[in-house]
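*Asks:* Dropping the structure in here first, questions after.
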Amino acid sequence: MTDSDMPRRSDADRISDIPATMPIEPEMIGETRSQWRDVWRQFRSHRGAVIALILFVGILLFVSVGPYLWTIDPTYVDIRARNSGFVAAHPLGTDQLGRDILARLMAGGRVSIAVGLTAMTIAITLGSFVGLMSGYFRRLDAPLMRLTELFLALPLLPLLLLMVTLFREPLSKTFGPAMGIFILIVSAIGATSWMQSARIVRGDVLGLKEREFILAARSIGTSSRRMILRHVLPNVLSPIMVAATLGIATAIITESALSFLGLGFPPDFPTWGRLLFDAVDQMVLYPSRVILPGLFISLTVLCVNYIGDGLRDAMDPRIRGR
Amino acid sequence: MNRLAASALAFLVAGPALAERGSDGQLRALYWQAAMVLNPYLSTSAKDVEPAGLAVEPLAIVEDDGTLTPRLALEIPSVENGGIADDYRSITWKLKPGLLWSDGTAVTADDVKFTADYCMTPGFGCAVLSEFENISSVEVIDPTTVRIHFDQPKYKPLQAFVGQRTPILQKAQFAACLGPAGASCTDQNFGPIGTGPYKVTNFRPGDVVQFEINPHYREAGKPAFSTVTIKGGGNAMAAARAVLETAEFDFAWNLQLAPDIIAPMVDQGKGSIVASFGSMVERIELNQTDPGYDLPADERSTIAHPHPFLTDPAVRKALSMAIDRPLLAELTYGPAGKATCSIVPVPPGFAPADPESCFAQDIAGANEVLDQAGWLPGANGTREKDGVALSLDFQTSVNSVRQDVQALIKQWWSEIGVETQLKTVEGSVFFGGDQENPDSLQKFHADAQMYTDAFYLPDPASFLNKFVCASIPSPDNQWQGKNPVRFCDPAFDEQIQVLHQTADPTERQDLARDLEATLTRDGHFMLPLIHRGMVSAHVDTLGGISPNGWEGQLWNIADWHRVQ
């Protein structure tokens, strides 16, 4: 199978205004660029998604570049400056021990976003794989779906408790305390949140299998691997995207719950969830301590959701070009 | 609704502190950790013992100042009044005449003897068995006199049946619950018949206990409240709000909250807080054995492997000097804690002569101590010697106040070149004592740990007895030893034996003080931080509350009443 097969087939599937021009263009690079340019053009027309993208990049810059500009140590305790308001030395104030909240938000965001993205990637990869396999291969359907139900039935918290008890020490010994617990949390969240996306993907795949273009592809002898990668996967990308964006939010929130129970990151390791939980007691006195991390969590989740929404529209050939 | 009813009642009663029995209506108390059982012989947790104390009573209780007051006993036995034998081999208690159980039957010496047998029967697993140690037999002299015999001279004989943890149970009710059957006697354990001001009417474990007046209570005119509801559930924060901000409840127990949170609530003028200081001390324990990850599970934190650097007295001393205890107390505990240098801060006779010897923080001095001991700053600022770096794992339970303390101490230790990794463990695991779980405080798979411990009778001899070599947790005793710091010194063990054989009160105090100093001020095996009070909140219309650090909050509930 040659590279030029793919655009031709996509053309057949989508309602394209210029189907004739594409097969003449033989170069893969040119083809791909124009397809992704199409996606980008469509994405730009979704105003919410563009704003969300700008905000999300802003948050990413805030947590990644910010600490180089604002160099206060987020764990430095300065008792004389405790409970400080919004002043020049501490633009977002300090907490009950005099730790700078701006620095803590940056450090916390790094961890939270890293956990969210990584755990989501694990969950989506695992979920999509299981969903595709069980949707496409009838023989695998029953065992894989029973496995999914088994995981859904597992009580999450005791399972995580067990994982932490068993693996915390060996992992911190191998990768250092912070990295070890990161790997543990990310894989724990990933391994316990792939089931929803597996079910969604399976449902979509089952529907797709009955479509004519799949029949056509099968009739010319396309192998299963090609079929999945070329025809099925691109068409279920939009539900995967939606599941992924929701997954980031769940991962950030699960991480906060774990940290709260003492199973997550050590207490001197700020994350947005931990900042939020630490501040709950002082909510009435110092509302900004709850609002700020809460705002960042909601903003991140909202942005990712909007970007996912925009991407879904942009990547759906039936919507694109309309 | 309830508040309305209560204030209406307060108007009707109008005034005198000694009202008529049952005239003040309902009392609603919050114990956010709910009672699970109402038999103190099955559980020593305050959440279970304190509500149970409304129904069942001991022979004597401990007052806030450490003295004893008779409850069911006629008087406190002593050598002078002949209650304690000259050779300290027996003690004789006399009951008040005419005592009745809440079902109307008479309380006799047989009940006392039965209760001792109940706890000491093998196979029962009595939670307070250590209070009955050395008792060889209990003899009924006449219906109101009982004599407890010891198998050796016991110089601290006022132990069993003193304090709410060892109340008298009714023989008729518990007769079928001896030995292994004890834990499964649900009716008895959930509703013991007692002599106290109230009797249990409804108990849902983990949720609510309801009481009504015991019609046969011995004191006329008491108690003032006709019913008591002790509700469980929620958390300390919600409990504080329910009393101080909304006054939905009259009383809330155990509010460990940061001072700047609780102060504005009190300012609203609906209620007050009371702190009672018992023997609770928040301390840091420095592991004397190696918790190393690379050791086999059975050998971690065992005496086979001494700790690489915490066995060095200079390191322990420097760690102690770097801590600013008064600041810690003020910032994180407020009214609920005082700085302390001793794990035996009360009663006054046993407390150290100079209680403030460790209060001054001395970072420079600590650095000098470490310099002199050969611990020199390495590449990243952490001190090291012979390839061993001063890097600690510091664990405690999940609790926002404790995490603040951890953060402060981590910073102070970093200023003397000691690196600290913080670790938190869920409370039920940390204190649970499950031998399969590596995160319990007994297993101590960390270099330092922080928690609160206490003792319940004013003489600390049996408390100090925890720190003998034989009590070190190890696989041999299923990690159940009571010496988690793994302190072991034959000289200490010898002195403890001397203490157990000393009768003279002053000598006992001197000995105990020396032993305690070995552990803390001199040896720095444990770093006492905060003498903790039990903080409770009550609405301002509730009167008669008197703090008692030894017996908990409800100890004098018979005297509680409504005030205007």
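Chain labels A, B, ... are given in the sequence in which chains occur in the structure tokens; within each chain residues are numbered consecutively from 1, and ligands are likewise numbered from 1 in the order shown.
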Among stretch 56-221 of chain A, which ones does DSSP place in helix (DSSP H, G or I), written as JSON, numbers by chain?
*Replies:* {"A": [56, 57, 58, 59, 60, 61, 62, 63, 64, 66, 67, 68, 69, 79, 80, 81, 101, 102, 103, 104, 105, 106, 107, 108, 109, 110, 111, 112, 113, 114, 115, 116, 117, 118, 119, 120, 121, 122, 123, 124, 125, 126, 127, 128, 129, 130, 131, 132, 133, 134, 135, 136, 138, 139, 140, 141, 142, 143, 144, 145, 146, 147, 148, 149, 150, 151, 152, 153, 156, 157, 158, 159, 160, 161, 162, 163, 164, 165, 166, 167, 168, 169, 170, 171, 172, 173, 174, 175, 177, 178, 179, 180, 181, 182, 183, 184, 185, 186, 187, 188, 189, 190, 191, 192, 195, 196, 197, 198, 199, 200, 201, 202, 203, 204, 205, 206, 207, 208, 209, 212, 213, 214, 215, 216, 217, 218, 219]}
*Asks:* Which polymer residues have any atom within 12 Å of an atom of A:Met179, counting only C-alpha atoms, with same-chain residues fewer than 2 positions away left out, as a list in words?
*Replies:* Val111, Ala114, Val115, Arg168, Glu169, Pro170, Leu171, Ser172, Lys173, Thr174, Phe175, Gly176, Pro177, Ile181, Phe182, Ile183, Leu184, Ile185, Val186, Gly264, Phe265, Pro266 and Phe269 of chain A
*Asks:* Okay, now the selection with N, CA and C atoms, as a tab-separated table (two decimals), in the first residue's frame?
*Replies:*
chain	number	residue	atom	x	y	z
A	111	VAL	N	3.26	20.19	38.73
A	111	VAL	CA	2.95	18.82	39.11
A	111	VAL	C	1.56	18.43	38.63
A	114	ALA	N	1.38	18.07	34.85
A	114	ALA	CA	2.14	16.89	34.43
A	114	ALA	C	1.37	15.63	34.78
A	115	VAL	N	0.83	15.59	35.99
A	115	VAL	CA	0.06	14.41	36.40
A	115	VAL	C	-1.15	14.25	35.50
A	168	ARG	N	5.26	2.23	47.02
A	168	ARG	CA	5.82	3.55	47.31
A	168	ARG	C	7.33	3.47	47.59
A	169	GLU	N	7.70	2.58	48.48
A	169	GLU	CA	9.10	2.56	48.89
A	169	GLU	C	10.04	2.09	47.79
A	170	PRO	N	9.72	0.96	47.11
A	170	PRO	CA	10.64	0.57	46.03
A	170	PRO	C	10.78	1.65	44.97
A	171	LEU	N	9.67	2.32	44.63
A	171	LEU	CA	9.75	3.35	43.58
A	171	LEU	C	10.53	4.56	44.06
A	172	SER	N	10.29	5.01	45.32
A	172	SER	CA	11.05	6.18	45.76
A	172	SER	C	12.52	5.84	45.88
A	173	LYS	N	12.81	4.60	46.15
A	173	LYS	CA	14.22	4.22	46.25
A	173	LYS	C	14.86	4.27	44.87
A	174	THR	N	14.12	3.81	43.85
A	174	THR	CA	14.71	3.75	42.52
A	174	THR	C	14.75	5.11	41.85
A	175	PHE	N	13.67	5.89	41.98
A	175	PHE	CA	13.60	7.13	41.20
A	175	PHE	C	13.67	8.38	42.06
A	176	GLY	N	13.93	8.26	43.35
A	176	GLY	CA	13.90	9.43	44.22
A	176	GLY	C	12.48	9.65	44.69
A	177	PRO	N	12.29	10.31	45.85
A	177	PRO	CA	10.95	10.40	46.43
A	177	PRO	C	9.92	11.09	45.54
A	181	ILE	N	7.01	8.86	43.43
A	181	ILE	CA	5.59	9.02	43.74
A	181	ILE	C	4.86	9.52	42.50
A	182	PHE	N	5.54	10.29	41.64
A	182	PHE	CA	4.91	10.74	40.39
A	182	PHE	C	4.55	9.55	39.52
A	183	ILE	N	5.51	8.66	39.34
A	183	ILE	CA	5.26	7.47	38.52
A	183	ILE	C	4.11	6.66	39.13
A	184	LEU	N	4.16	6.52	40.44
A	184	LEU	CA	3.14	5.72	41.12
A	184	LEU	C	1.75	6.33	40.93
A	185	ILE	N	1.63	7.63	41.16
A	185	ILE	CA	0.33	8.29	41.08
A	185	ILE	C	-0.20	8.24	39.66
A	186	VAL	N	0.71	8.57	38.71
A	186	VAL	CA	0.29	8.63	37.32
A	186	VAL	C	-0.18	7.25	36.85
A	264	GLY	N	-0.69	10.59	48.34
A	264	GLY	CA	-0.12	11.21	47.15
A	264	GLY	C	1.27	11.74	47.41
A	265	PHE	N	1.51	12.93	46.88
A	265	PHE	CA	2.82	13.53	47.04
A	265	PHE	C	3.06	13.89	48.50
A	266	PRO	N	4.35	13.93	48.90
A	266	PRO	CA	4.64	14.34	50.28
A	266	PRO	C	4.12	15.75	50.53
A	269	PHE	N	5.37	19.08	48.95
A	269	PHE	CA	5.43	19.05	47.50
A	269	PHE	C	4.13	19.64	47.01
*Asks:* Give me, please, the distance in Å between atom CA of B:Leu422 and atom CA of B:Gln406, quoted to one decimal.
*Replies:*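 Interatomic distance here is 7.1 Å.
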*Asks:* Using only C-alpha atoms, find each residue of chain A with at least one atom at most 8 Å away from an atom of chain B; report its shortest atom-to-atom pair and that distance in Å (one decimal), sort the rows by chain and rising residue number, and return the result as a tab-separated table.
*Replies:*
residue	atom	partner	partner_atom	distance
A:Thr75	CA	B:Ala407	CA	7.8
A:Tyr76	CA	B:Gln411	CA	7.2
A:Val77	CA	B:Leu408	CA	6.7
A:Leu97	CA	B:Asp404	CA	7.2
A:Thr165	CA	B:Pro438	CA	7.6
A:Glu169	CA	B:Tyr293	CA	7.3
A:Pro170	CA	B:Tyr293	CA	7.8
A:Lys173	CA	B:Tyr293	CA	7.3
A:Phe260	CA	B:Val398	CA	7.8
A:Leu261	CA	B:Glu426	CA	6.0
A:Gly262	CA	B:Thr424	CA	5.2
A:Leu263	CA	B:Val425	CA	7.1
A:Pro266	CA	B:Lys423	CA	5.3
A:Pro267	CA	B:Leu422	CA	6.5
A:Asp268	CA	B:Leu422	CA	6.6
A:Asp278	CA	B:Ser400	CA	6.8
A:Asp281	CA	B:Ile261	CA	7.1
A:Gln282	CA	B:Ile261	CA	6.3
A:Leu285	CA	B:Ile261	CA	7.5
*Asks:* Take the residues just selected and output them with N, CA and C atoms as a PDB file, in the first residue's frame.
*Replies:*
ATOM      1  N   THR A  75       8.649  26.291  49.048  1.00  0.00           N
ATOM      2  CA  THR A  75       8.525  25.661  50.362  1.00  0.00           C
ATOM      3  C   THR A  75       9.223  26.476  51.445  1.00  0.00           C
ATOM      4  N   TYR A  76       9.752  27.675  51.086  1.00  0.00           N
ATOM      5  CA  TYR A  76      10.465  28.459  52.092  1.00  0.00           C
ATOM      6  C   TYR A  76       9.480  29.078  53.089  1.00  0.00           C
ATOM      7  N   VAL A  77       9.714  28.787  54.365  1.00  0.00           N
ATOM      8  CA  VAL A  77       8.825  29.278  55.419  1.00  0.00           C
ATOM      9  C   VAL A  77       9.373  30.598  55.949  1.00  0.00           C
ATOM     10  N   LEU A  97       1.986  29.795  56.956  1.00  0.00           N
ATOM     11  CA  LEU A  97       3.373  29.674  57.401  1.00  0.00           C
ATOM     12  C   LEU A  97       4.272  30.675  56.689  1.00  0.00           C
ATOM     13  N   THR A 165       0.913   1.275  49.258  1.00  0.00           N
ATOM     14  CA  THR A 165       1.617   0.514  50.283  1.00  0.00           C
ATOM     15  C   THR A 165       2.666  -0.399  49.666  1.00  0.00           C
ATOM     16  N   GLU A 169       7.698   2.577  48.483  1.00  0.00           N
ATOM     17  CA  GLU A 169       9.100   2.562  48.895  1.00  0.00           C
ATOM     18  C   GLU A 169      10.039   2.090  47.790  1.00  0.00           C
ATOM     19  N   PRO A 170       9.724   0.964  47.110  1.00  0.00           N
ATOM     20  CA  PRO A 170      10.637   0.574  46.033  1.00  0.00           C
ATOM     21  C   PRO A 170      10.781   1.649  44.972  1.00  0.00           C
ATOM     22  N   LYS A 173      12.813   4.597  46.150  1.00  0.00           N
ATOM     23  CA  LYS A 173      14.218   4.222  46.254  1.00  0.00           C
ATOM     24  C   LYS A 173      14.861   4.274  44.874  1.00  0.00           C
ATOM     25  N   PHE A 260      -4.585  14.451  49.666  1.00  0.00           N
ATOM     26  CA  PHE A 260      -5.307  14.774  50.888  1.00  0.00           C
ATOM     27  C   PHE A 260      -5.290  13.599  51.850  1.00  0.00           C
ATOM     28  N   LEU A 261      -5.396  12.395  51.314  1.00  0.00           N
ATOM     29  CA  LEU A 261      -5.413  11.213  52.176  1.00  0.00           C
ATOM     30  C   LEU A 261      -4.023  10.802  52.622  1.00  0.00           C
ATOM     31  N   GLY A 262      -3.017  11.547  52.158  1.00  0.00           N
ATOM     32  CA  GLY A 262      -1.666  11.180  52.550  1.00  0.00           C
ATOM     33  C   GLY A 262      -1.084  10.097  51.672  1.00  0.00           C
ATOM     34  N   LEU A 263      -1.774   9.753  50.592  1.00  0.00           N
ATOM     35  CA  LEU A 263      -1.265   8.711  49.714  1.00  0.00           C
ATOM     36  C   LEU A 263      -0.547   9.302  48.520  1.00  0.00           C
ATOM     37  N   PRO A 266       4.353  13.932  48.900  1.00  0.00           N
ATOM     38  CA  PRO A 266       4.645  14.342  50.276  1.00  0.00           C
ATOM     39  C   PRO A 266       4.121  15.755  50.529  1.00  0.00           C
ATOM     40  N   PRO A 267       3.862  16.107  51.794  1.00  0.00           N
ATOM     41  CA  PRO A 267       3.195  17.379  52.086  1.00  0.00           C
ATOM     42  C   PRO A 267       3.999  18.604  51.695  1.00  0.00           C
ATOM     43  N   ASP A 268       5.315  18.462  51.543  1.00  0.00           N
ATOM     44  CA  ASP A 268       6.106  19.643  51.183  1.00  0.00           C
ATOM     45  C   ASP A 268       6.213  19.788  49.672  1.00  0.00           C
ATOM     46  N   ASP A 278      -5.435  22.286  51.586  1.00  0.00           N
ATOM     47  CA  ASP A 278      -4.810  22.941  52.741  1.00  0.00           C
ATOM     48  C   ASP A 278      -5.557  24.202  53.125  1.00  0.00           C
ATOM     49  N   ASP A 281      -9.720  24.945  55.399  1.00  0.00           N
ATOM     50  CA  ASP A 281      -9.996  25.384  56.768  1.00  0.00           C
ATOM     51  C   ASP A 281     -10.019  26.902  56.891  1.00  0.00           C
ATOM     52  N   GLN A 282      -9.224  27.574  56.071  1.00  0.00           N
ATOM     53  CA  GLN A 282      -9.119  29.037  56.181  1.00  0.00           C
ATOM     54  C   GLN A 282      -9.986  29.735  55.161  1.00  0.00           C
ATOM     55  N   LEU A 285     -11.639  33.004  56.235  1.00  0.00           N
ATOM     56  CA  LEU A 285     -10.728  34.096  56.555  1.00  0.00           C
ATOM     57  C   LEU A 285      -9.964  34.574  55.337  1.00  0.00           C
TER      58      LEU A 285
END
*Asks:* Residues near B:Arg513, anyone? I mean within 7 Å using only C-alpha atoms, not counting same-chain ones fewer than 6 positions away, as a PDB file with C-alpha atoms, in the first residue's frame.
*Replies:*
ATOM      1  CA  PHE B 350       6.958  14.763  88.294  1.00  0.00           C
ATOM      2  CA  ALA B 351       7.486  17.641  85.879  1.00  0.00           C
ATOM      3  CA  PRO B 352      11.064  18.857  85.340  1.00  0.00           C
TER       4      PRO B 352
END
*Asks:* Excluding B:Glu63 and any residue of its chain fewer than 6 positions from it, enumerate the residues within 8 Å of it, using only C-alpha atoms, and give them as a PyMOL selection string.
*Replies:* chain B and resi 69+548+550-551
*Asks:* Write the residues you've just listed into a file as a compact mmCIF listing (two decimals), in the first residue's frame, and include N, CA and C atoms for each of them.
*Replies:*
# COMPACT_ATOMS: atom_id res chain seq x y z
N THR B 69 -10.45 11.62 93.67
CA THR B 69 -11.71 11.88 94.35
C THR B 69 -12.55 10.61 94.28
N ASN B 548 -10.77 18.85 82.75
CA ASN B 548 -10.04 17.81 83.46
C ASN B 548 -9.20 17.06 82.44
N TRP B 550 -7.28 14.60 82.79
CA TRP B 550 -7.10 13.15 82.98
C TRP B 550 -8.33 12.36 82.58
N GLU B 551 -9.50 12.90 82.84
CA GLU B 551 -10.71 12.11 82.67
C GLU B 551 -11.55 12.51 81.47
*Asks:* Ranking B:Trp479, B:Tyr217, B:Phe114, B:Trp32 by minimum distance to B:Phe444 and counting only C-alpha atoms, which one comes first?
*Replies:*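 Ranked by minimum distance to B:Phe444, first place goes to B:Trp479.
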*Asks:* Within 9 Å of B:Ala73, counting only C-alpha atoms, which residues show up once you throw out same-chain ones fewer than 4 positions away? Write them as a JSON list (two decimals) with N, CA and C atoms, in the first residue's frame, please.
*Replies:*
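The resulting result_6.json:
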[["chain", "number", "residue", "atom", "x", "y", "z"],
["B", 58, "PRO", "N", -16.09, 4.41, 87.87],
["B", 58, "PRO", "CA", -15.06, 3.70, 88.62],
["B", 58, "PRO", "C", -15.21, 3.97, 90.12],
["B", 59, "LEU", "N", -14.31, 3.41, 90.90],
["B", 59, "LEU", "CA", -14.34, 3.66, 92.35],
["B", 59, "LEU", "C", -13.89, 5.08, 92.66],
["B", 60, "ALA", "N", -12.90, 5.55, 91.89],
["B", 60, "ALA", "CA", -12.40, 6.91, 92.12],
["B", 60, "ALA", "C", -11.99, 7.50, 90.79],
["B", 69, "THR", "N", -10.45, 11.62, 93.67],
["B", 69, "THR", "CA", -11.71, 11.88, 94.35],
["B", 69, "THR", "C", -12.55, 10.61, 94.28],
["B", 93, "TRP", "N", -10.83, -1.40, 99.41],
["B", 93, "TRP", "CA", -11.76, -0.33, 99.03],
["B", 93, "TRP", "C", -13.08, -0.55, 99.75],
["B", 94, "LYS", "N", -13.67, 0.51, 100.25],
["B", 94, "LYS", "CA", -15.02, 0.43, 100.82],
["B", 94, "LYS", "C", -15.97, 1.20, 99.92],
["B", 95, "LEU", "N", -17.12, 0.58, 99.59],
["B", 95, "LEU", "CA", -18.10, 1.25, 98.74],
["B", 95, "LEU", "C", -18.98, 2.17, 99.56],
["B", 96, "LYS", "N", -19.51, 3.21, 98.87],
["B", 96, "LYS", "CA", -20.50, 4.06, 99.54],
["B", 96, "LYS", "C", -21.71, 3.21, 99.89]]
*Asks:* Mind giving me the straight-line distance from atom CA of B:Ala448 to atom CA of B:Leu392 in Å, one decimal?
*Replies:* 7.0 Å
